[in-house]
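Participant: Structure file final_26.txt, compact mmCIF, C-alpha atoms, is pasted below:
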# COMPACT_ATOMS: atom_id res chain seq x y z
CA GLU K 95 -50.15 -50.77 -6.88
CA TYR K 96 -46.91 -49.54 -5.33
CA LEU K 97 -43.43 -49.66 -6.82
CA ILE K 98 -40.97 -50.59 -4.08
CA PRO K 99 -37.46 -49.55 -5.13
CA ASP K 100 -34.58 -52.01 -5.25
CA PHE K 101 -32.11 -49.15 -5.76
CA ILE K 102 -31.90 -45.61 -4.41
CA LEU K 103 -29.99 -42.97 -6.35
CA LYS K 104 -28.67 -39.99 -4.40
CA LYS K 105 -26.67 -37.02 -5.58
CA ILE K 106 -23.94 -36.35 -3.02
CA ASP K 107 -21.38 -33.57 -3.60
CA ASN K 108 -22.54 -33.39 -7.23
CA GLU K 109 -21.82 -37.12 -7.73
CA LEU K 110 -24.37 -39.84 -8.41
CA ASN K 111 -24.33 -42.58 -5.77
CA ILE K 112 -26.31 -45.79 -6.01
CA PHE K 113 -27.44 -47.91 -3.04
CA LEU K 114 -29.25 -51.23 -2.77
CA THR K 115 -32.28 -50.98 -0.51
CA SER K 116 -31.45 -54.46 0.74
CA GLY K 117 -28.25 -52.92 2.10
CA GLU K 118 -25.18 -54.10 0.22
CA ASN K 119 -22.98 -52.61 2.94
CA LYS K 120 -24.33 -55.09 5.47
CA LYS K 121 -21.96 -57.94 4.78
CA ILE K 122 -23.61 -61.28 5.50
CA ASN K 123 -21.47 -64.03 6.99
CA VAL K 124 -21.95 -67.43 8.58
CA ASN K 125 -22.40 -67.11 12.35
CA GLN K 126 -19.02 -67.77 13.95
CA HIS K 127 -20.74 -69.46 16.89
CA TYR K 128 -21.47 -72.54 14.80
CA ILE K 129 -17.94 -72.63 13.43
CA SER K 130 -16.68 -72.53 17.03
CA ILE K 131 -18.93 -75.48 17.91
CA LEU K 132 -17.55 -77.42 14.95
CA ASN K 133 -13.96 -76.67 15.93
CA ALA K 134 -14.63 -77.65 19.55
CA ILE K 135 -16.00 -81.04 18.52
CA LYS K 136 -13.14 -81.52 16.05
CA ASN K 137 -10.57 -80.84 18.77
CA LYS K 138 -12.21 -83.24 21.17
CA LYS K 139 -10.06 -86.26 21.97
CA ASN K 140 -11.39 -89.78 21.64
CA LYS K 141 -14.34 -88.84 19.44
CA ASP K 142 -17.25 -91.26 19.65
CA GLU K 143 -19.59 -92.13 16.77
CA GLU K 144 -22.05 -89.42 17.86
CA SER K 145 -19.33 -86.75 17.72
CA LYS K 146 -18.32 -87.83 14.22
CA LYS K 147 -21.94 -87.59 13.07
CA SER K 148 -22.20 -84.13 14.64
CA ILE K 149 -19.05 -82.97 12.84
CA ASN K 150 -20.42 -84.10 9.46
CA PHE K 151 -23.84 -82.61 10.13
CA ILE K 152 -22.55 -79.19 11.25
CA LYS K 153 -19.96 -79.13 8.46
CA GLN K 154 -22.64 -79.73 5.80
CA LYS K 155 -24.86 -77.01 7.26
CA ILE K 156 -22.00 -74.50 7.40
CA GLU K 157 -21.03 -75.28 3.79
CA SER K 158 -24.67 -74.81 2.68
CA ALA K 159 -24.88 -71.52 4.58
CA GLN K 160 -21.59 -70.33 3.07
CA TRP K 161 -22.83 -71.21 -0.43
CA PHE K 162 -26.01 -69.19 0.22
CA VAL K 163 -24.01 -66.22 1.56
CA ASP K 164 -21.66 -66.27 -1.45
CA ALA K 165 -24.61 -66.48 -3.86
CA LEU K 166 -26.38 -63.57 -2.15
CA ASN K 167 -23.28 -61.38 -2.15
CA GLN K 168 -22.65 -62.24 -5.80
CA ARG K 169 -26.25 -61.34 -6.64
CA ASN K 170 -25.88 -57.94 -4.97
CA GLN K 171 -22.66 -57.27 -6.87
CA THR K 172 -24.37 -58.18 -10.16
CA LEU K 173 -27.30 -55.87 -9.38
CA LEU K 174 -24.98 -52.97 -8.57
CA LYS K 175 -22.78 -53.58 -11.59
CA THR K 176 -25.83 -53.57 -13.88
CA MET K 177 -27.34 -50.43 -12.32
CA LYS K 178 -24.04 -48.52 -12.36
CA THR K 179 -23.65 -49.30 -16.07
CA ILE K 180 -27.18 -48.06 -16.82
CA ILE K 181 -26.43 -44.85 -14.89
CA LYS K 182 -23.17 -44.36 -16.78
CA ILE K 183 -24.90 -44.63 -20.17
CA GLN K 184 -27.93 -42.55 -19.12
CA ASN K 185 -25.89 -40.06 -17.07
CA SER K 186 -27.59 -36.98 -18.53
CA PHE K 187 -31.04 -38.27 -17.59
CA PHE K 188 -30.03 -39.21 -14.04
CA ASN K 189 -28.52 -35.77 -13.52
CA GLY K 190 -31.59 -33.86 -14.64
CA GLY K 191 -34.61 -36.14 -15.02
CA ASP K 192 -35.46 -35.00 -18.55
CA GLU K 193 -36.78 -37.92 -20.61
CA ASN K 194 -35.45 -36.24 -23.75
CA ASP K 195 -31.92 -36.89 -22.45
CA LEU K 196 -32.39 -40.67 -22.64
CA LYS K 197 -29.93 -42.30 -25.02
CA PRO K 198 -30.68 -45.33 -27.17
CA MET K 199 -29.91 -48.42 -25.10
CA ILE K 200 -30.72 -52.12 -25.40
CA LEU K 201 -30.07 -55.12 -23.14
CA LYS K 202 -27.15 -56.23 -25.30
CA ASP K 203 -25.31 -52.95 -24.58
CA ILE K 204 -25.33 -53.65 -20.83
CA ALA K 205 -24.56 -57.37 -21.19
CA GLU K 206 -21.47 -56.65 -23.29
CA ILE K 207 -20.12 -54.04 -20.86
CA ILE K 208 -20.56 -56.10 -17.68
CA LYS K 209 -19.63 -59.32 -19.54
CA MET K 210 -22.70 -61.25 -18.49
CA ASP K 211 -25.37 -63.21 -20.30
CA ILE K 212 -28.14 -61.09 -21.80
CA SER K 213 -30.73 -63.27 -20.01
CA THR K 214 -29.25 -62.22 -16.64
CA VAL K 215 -29.54 -58.54 -17.57
CA SER K 216 -33.08 -59.14 -18.83
CA ARG K 217 -34.19 -60.66 -15.50
CA ILE K 218 -32.78 -57.70 -13.57
CA VAL K 219 -34.31 -55.10 -15.90
CA ARG K 220 -37.68 -56.84 -15.95
CA SER K 221 -38.09 -56.99 -12.18
CA LYS K 222 -36.13 -54.12 -10.56
CA VAL K 223 -37.03 -50.52 -9.75
CA ILE K 224 -34.96 -47.42 -8.90
CA GLN K 225 -35.88 -44.41 -6.75
CA THR K 226 -34.49 -41.02 -7.82
CA ASP K 227 -35.03 -37.41 -6.73
CA PHE K 228 -37.50 -36.99 -9.60
CA GLY K 229 -39.48 -40.20 -9.41
CA ILE K 230 -39.48 -43.97 -9.15
CA PHE K 231 -38.84 -45.89 -12.36
CA PRO K 232 -38.79 -49.55 -13.42
CA LEU K 233 -35.41 -50.26 -15.03
CA LYS K 234 -37.07 -51.18 -18.32
CA TYR K 235 -38.05 -47.49 -18.62
CA PHE K 236 -34.45 -46.62 -19.52
CA PHE K 237 -34.30 -48.99 -22.50
CA SER K 238 -35.47 -48.17 -26.00
CA GLU K 239 -37.82 -50.55 -27.74
CA SER K 240 -36.37 -49.07 -30.92
CA THR K 241 -34.19 -46.24 -32.13
CA ILE K 242 -34.97 -43.50 -34.60
CA LYS K 243 -32.54 -41.55 -36.72
CA LYS K 244 -32.60 -37.78 -36.32
CA ASN K 245 -30.31 -36.16 -38.86
CA ASP K 246 -27.07 -38.15 -38.32
CA GLU K 247 -27.81 -39.24 -34.75
CA LEU K 248 -29.65 -42.26 -33.33
CA ILE K 249 -32.09 -41.29 -30.57
CA SER K 250 -34.46 -43.10 -28.25
CA SER K 251 -38.01 -43.75 -29.45
CA LYS K 252 -39.20 -42.05 -26.23
CA ILE K 253 -37.93 -38.71 -27.56
CA VAL K 254 -39.94 -39.13 -30.75
CA LYS K 255 -43.04 -40.02 -28.73
CA ASN K 256 -42.61 -36.90 -26.62
CA SER K 257 -42.33 -34.76 -29.75
CA LEU K 258 -45.38 -36.48 -31.29
CA LYS K 259 -47.41 -35.91 -28.12
CA LYS K 260 -46.45 -32.22 -28.05
CA ILE K 261 -47.40 -31.74 -31.72
CA ILE K 262 -50.84 -33.29 -31.12
CA GLU K 263 -51.39 -31.25 -27.93
CA GLU K 264 -50.71 -28.03 -29.87
CA GLU K 265 -52.70 -28.91 -33.01
CA ASN K 266 -55.85 -27.04 -34.05
CA LYS K 267 -58.55 -29.33 -32.65
CA THR K 268 -61.02 -28.26 -35.33
CA LYS K 269 -58.55 -29.62 -37.91
CA PRO K 270 -56.49 -32.32 -36.16
CA TYR K 271 -53.51 -33.79 -37.97
CA SER K 272 -53.80 -37.11 -39.75
CA ASP K 273 -51.03 -39.67 -39.24
CA GLU K 274 -49.71 -38.75 -42.70
CA LYS K 275 -49.50 -35.08 -41.67
CA LEU K 276 -47.87 -36.01 -38.35
CA GLU K 277 -45.30 -38.02 -40.32
CA LYS K 278 -44.47 -34.97 -42.45
CA ILE K 279 -44.15 -32.68 -39.41
CA LEU K 280 -41.83 -35.12 -37.66
CA ASN K 281 -39.79 -35.51 -40.84
CA GLN K 282 -39.45 -31.73 -41.03
CA LYS K 283 -38.10 -31.77 -37.48
CA GLY K 284 -35.44 -34.23 -38.63
CA TYR K 285 -36.99 -37.48 -37.35
CA GLU K 286 -36.82 -40.27 -39.92
CA VAL K 287 -40.13 -42.00 -39.19
CA ALA K 288 -42.65 -43.72 -41.45
CA ARG K 289 -46.42 -43.26 -41.17
CA ARG K 290 -46.89 -46.76 -39.71
CA THR K 291 -44.38 -45.87 -36.97
CA VAL K 292 -46.30 -42.67 -36.23
CA SER K 293 -49.53 -44.69 -35.95
CA LYS K 294 -47.86 -47.20 -33.64
CA TYR K 295 -46.44 -44.52 -31.35
CA ARG K 296 -49.75 -42.64 -31.29
CA GLU K 297 -51.55 -45.83 -30.24
CA GLN K 298 -48.93 -46.54 -27.56
CA LEU K 299 -49.54 -43.02 -26.22
CA LYS K 300 -53.27 -43.89 -26.16
CA ILE K 301 -54.07 -40.96 -28.47
CA PRO K 302 -57.06 -41.56 -30.78
CA VAL K 303 -57.07 -41.05 -34.56
CA ALA K 304 -57.66 -37.57 -36.02
CA ARG K 305 -61.43 -37.94 -36.55
CA LEU K 306 -61.90 -38.79 -32.87
CA ARG K 307 -59.78 -35.84 -31.75
CA LYS K 308 -61.81 -33.38 -33.74
CA GLU K 309 -63.70 -30.71 -31.78
CA PHE K 310 -66.57 -28.63 -33.13
Written as structure tokens, that's how I'd like the structure from this file.

Facilitator:
Amino acid sequence: EYLIPDFILKKIDNELNIFLTSGENKKINVNQHYISILNAIKNKKNKDEESKKSINFIKQKIESAQWFVDALNQRNQTLLKTMKTIIKIQNSFFNGGDENDLKPMILKDIAEIIKMDISTVSRIVRSKVIQTDFGIFPLKYFFSESTIKKNDELISSKIVKNSLKKIIEEENKTKPYSDEKLEKILNQKGYEVARRTVSKYREQLKIPVARLRKEF
């Protein structure tokens, strides 16, 4: 399965620039040819019944087309506004690509900044993808399912998962750490996590329990 990006992020002159792959710079307008036809019929003297019907028909079609154009342009502006806000909050990540630089962020944070309904932000985040110099990511990747306290700072759950994964990778496989031991190690590193949270994160990382990680 391929991820086709909706946004492309490029660093130009040390500045992050975001582009819609649909091409937000290509302004869509109603074809002036049809407006000219409408005006020509309108300016016609002694209009017959057929001309009047034509005027109404073309006018309705032009209004429908204009509504569609306005809706499409508004959609593009909403997409860009949402993506630019995500980039602003996660600036450190987008400048370097290090997952540990991700800040805690939820849908409500974006909705409040761009002054839009949270359901609108949710639809965008659920379905859109961005291409960067260090990979292609679904927008939901940048949001935290939860936040963890480390010392006096709230951090993304992704950072805790990365730390947990590293601890397990470096453990002595003849004596792998139990979830209780992993909880203590994380606590010593400053992460305020409970054992049940450790178990949940370990399962999400698809890492088996200690007895199944043991090597002889």

Participant: Could you list, as a PyMOL selection string, every residue within 6 Å of K:Gln225, counting only C-alpha atoms and ignoring same-chain residues fewer than 4 positions away?

Facilitator: chain K and resi 99+102+230

Participant: Quote the spacing between atom CA of K:Gln160 and atom CA of K:Val124 in Å to one decimal place.

Facilitator: 6.2 Å

Participant: Which neighbours of K:Ile156 fall inside 8 Å, counting only C-alpha atoms, when residues of the same chain fewer than 2 positions from it are skipped, and could you give them as a list in words?

Facilitator: Val124, Tyr128, Ile129, Ile152, Lys153, Gln154, Ser158, Ala159 and Gln160 of chain K

Participant: Can you measure atom CA of K:Asn194 to atom CA of K:Met177 for me? One decimal in Å is fine.

Facilitator: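 So the two atoms, atom CA of K:Asn194 and atom CA of K:Met177, lie 19.9 Å apart.
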
Participant: Measure the distance from atom CA of K:Leu299 to atom CA of K:Asn256 in Å and round it to one decimal.

Facilitator: 9.3 Å

Participant: Could you list, as a list in words, every residue within 7 Å of K:Arg307, counting all atoms listed in the file and ignoring same-chain residues fewer than 4 positions away?

Facilitator: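 Everything that qualifies: Lys267, Pro270, Pro302 and Val303 of chain K.
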
Participant: Considering all atoms listed in the file, can you say which of K:Lys222, K:Lys141, K:Lys255, K:Thr214 comes closest to K:Thr115?

Facilitator: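 Once distances to K:Thr115 are computed over all atoms listed in the file, the minimum belongs to K:Lys222.
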
Participant: Could you check which residues have any atom within 9 Å of (-42.8, -47.0, -7.3), counting only C-alpha atoms with coordinates taken straight from the file, and then list them as a ChimeraX atom specification?

Facilitator: /K:95-99,223-225,229-232

Participant: Can I get the selection written as a CSV table (one decimal), in the frame of the given file, with C-alpha atoms?

Facilitator:
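Once written, part-v4.csv looks like this:
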chain,number,residue,atom,x,y,z
K,95,GLU,CA,-50.2,-50.8,-6.9
K,96,TYR,CA,-46.9,-49.5,-5.3
K,97,LEU,CA,-43.4,-49.7,-6.8
K,98,ILE,CA,-41.0,-50.6,-4.1
K,99,PRO,CA,-37.5,-49.6,-5.1
K,223,VAL,CA,-37.0,-50.5,-9.8
K,224,ILE,CA,-35.0,-47.4,-8.9
K,225,GLN,CA,-35.9,-44.4,-6.8
K,229,GLY,CA,-39.5,-40.2,-9.4
K,230,ILE,CA,-39.5,-44.0,-9.2
K,231,PHE,CA,-38.8,-45.9,-12.4
K,232,PRO,CA,-38.8,-49.6,-13.4

Participant: Considering only C-alpha atoms, return as a list in words whatever protein or nucleic-acid residues lie within 12 Å of K:Phe310, sequence-local ones (same chain, fewer than 4 positions apart) excluded.

Facilitator: Asn266, Lys267, Thr268, Lys269, Pro270, Arg305 and Leu306 of chain K

Participant: Taking into account all atoms listed in the file, which residue in the set K:Tyr285, K:Lys147, K:Phe113, K:Asn140 is nearest to K:Leu174?

Facilitator: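 For K:Leu174, the nearest of the given residues is K:Phe113.
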
Participant: Nearest residue to K:Ser250 out of K:Ile183, K:Ile218, K:Leu233, K:Met199, using only C-alpha atoms?

Facilitator: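 Of K:Ile183, K:Ile218, K:Leu233, K:Met199, the one nearest K:Ser250 is K:Met199, counting only C-alpha atoms.
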
Participant: Once you count only C-alpha atoms, what closest atom pair and distance in Å to one decimal does each residue of stretch 161-263 of chain K within 12 Å of stretch 103-112 of chain K have, with rows by chain and rising residue number, as JSON lines?

Facilitator:
{"residue": "K:Leu173", "atom": "CA", "partner": "K:Ile112", "partner_atom": "CA", "distance": 10.7}
{"residue": "K:Leu174", "atom": "CA", "partner": "K:Ile112", "partner_atom": "CA", "distance": 7.7}
{"residue": "K:Lys175", "atom": "CA", "partner": "K:Ile112", "partner_atom": "CA", "distance": 10.2}
{"residue": "K:Thr176", "atom": "CA", "partner": "K:Ile112", "partner_atom": "CA", "distance": 11.1}
{"residue": "K:Met177", "atom": "CA", "partner": "K:Ile112", "partner_atom": "CA", "distance": 7.9}
{"residue": "K:Lys178", "atom": "CA", "partner": "K:Ile112", "partner_atom": "CA", "distance": 7.3}
{"residue": "K:Thr179", "atom": "CA", "partner": "K:Ile112", "partner_atom": "CA", "distance": 11.0}
{"residue": "K:Ile180", "atom": "CA", "partner": "K:Ile112", "partner_atom": "CA", "distance": 11.1}
{"residue": "K:Ile181", "atom": "CA", "partner": "K:Leu110", "partner_atom": "CA", "distance": 8.4}
{"residue": "K:Lys182", "atom": "CA", "partner": "K:Leu110", "partner_atom": "CA", "distance": 9.6}
{"residue": "K:Gln184", "atom": "CA", "partner": "K:Leu110", "partner_atom": "CA", "distance": 11.6}
{"residue": "K:Asn185", "atom": "CA", "partner": "K:Leu110", "partner_atom": "CA", "distance": 8.8}
{"residue": "K:Ser186", "atom": "CA", "partner": "K:Leu110", "partner_atom": "CA", "distance": 11.0}
{"residue": "K:Phe187", "atom": "CA", "partner": "K:Leu110", "partner_atom": "CA", "distance": 11.5}
{"residue": "K:Phe188", "atom": "CA", "partner": "K:Leu110", "partner_atom": "CA", "distance": 8.0}
{"residue": "K:Asn189", "atom": "CA", "partner": "K:Leu110", "partner_atom": "CA", "distance": 7.7}
{"residue": "K:Gly190", "atom": "CA", "partner": "K:Lys105", "partner_atom": "CA", "distance": 10.8}
{"residue": "K:Gly191", "atom": "CA", "partner": "K:Leu103", "partner_atom": "CA", "distance": 12.0}
{"residue": "K:Val223", "atom": "CA", "partner": "K:Leu103", "partner_atom": "CA", "distance": 10.9}
{"residue": "K:Ile224", "atom": "CA", "partner": "K:Leu103", "partner_atom": "CA", "distance": 7.1}
{"residue": "K:Gln225", "atom": "CA", "partner": "K:Leu103", "partner_atom": "CA", "distance": 6.1}
{"residue": "K:Thr226", "atom": "CA", "partner": "K:Leu103", "partner_atom": "CA", "distance": 5.1}
{"residue": "K:Asp227", "atom": "CA", "partner": "K:Lys104", "partner_atom": "CA", "distance": 7.2}
{"residue": "K:Phe228", "atom": "CA", "partner": "K:Leu103", "partner_atom": "CA", "distance": 10.1}
{"residue": "K:Gly229", "atom": "CA", "partner": "K:Leu103", "partner_atom": "CA", "distance": 10.3}
{"residue": "K:Ile230", "atom": "CA", "partner": "K:Leu103", "partner_atom": "CA", "distance": 9.9}
{"residue": "K:Phe231", "atom": "CA", "partner": "K:Leu103", "partner_atom": "CA", "distance": 11.1}

Participant: Mind working out the centre and edge lengths of an axis-aligned box for stretch 263-281 of chain K, all listed atoms inside, 5 Å added to each side, rounded to one decimal in Å and written as AutoDock Vina command-line options?

Facilitator:
--center_x -50.4 --center_y -33.4 --center_z -35.3 --size_x 31.2 --size_y 22.6 --size_z 24.8

Participant: Between K:Asp100, K:Glu309, K:Glu264, K:Asp273, which has the minimum distance to K:Asn170 (counting only C-alpha atoms)?

Facilitator: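 Closest to K:Asn170 of all the choices is K:Asp100.
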
Participant: What's the 12 Å shell around K:Glu247, counting only C-alpha atoms, without same-chain residues fewer than 2 positions away, as a VMD selection string?

Facilitator: chain K and resid 197 to 198 241 to 245 249 to 250 284 to 286
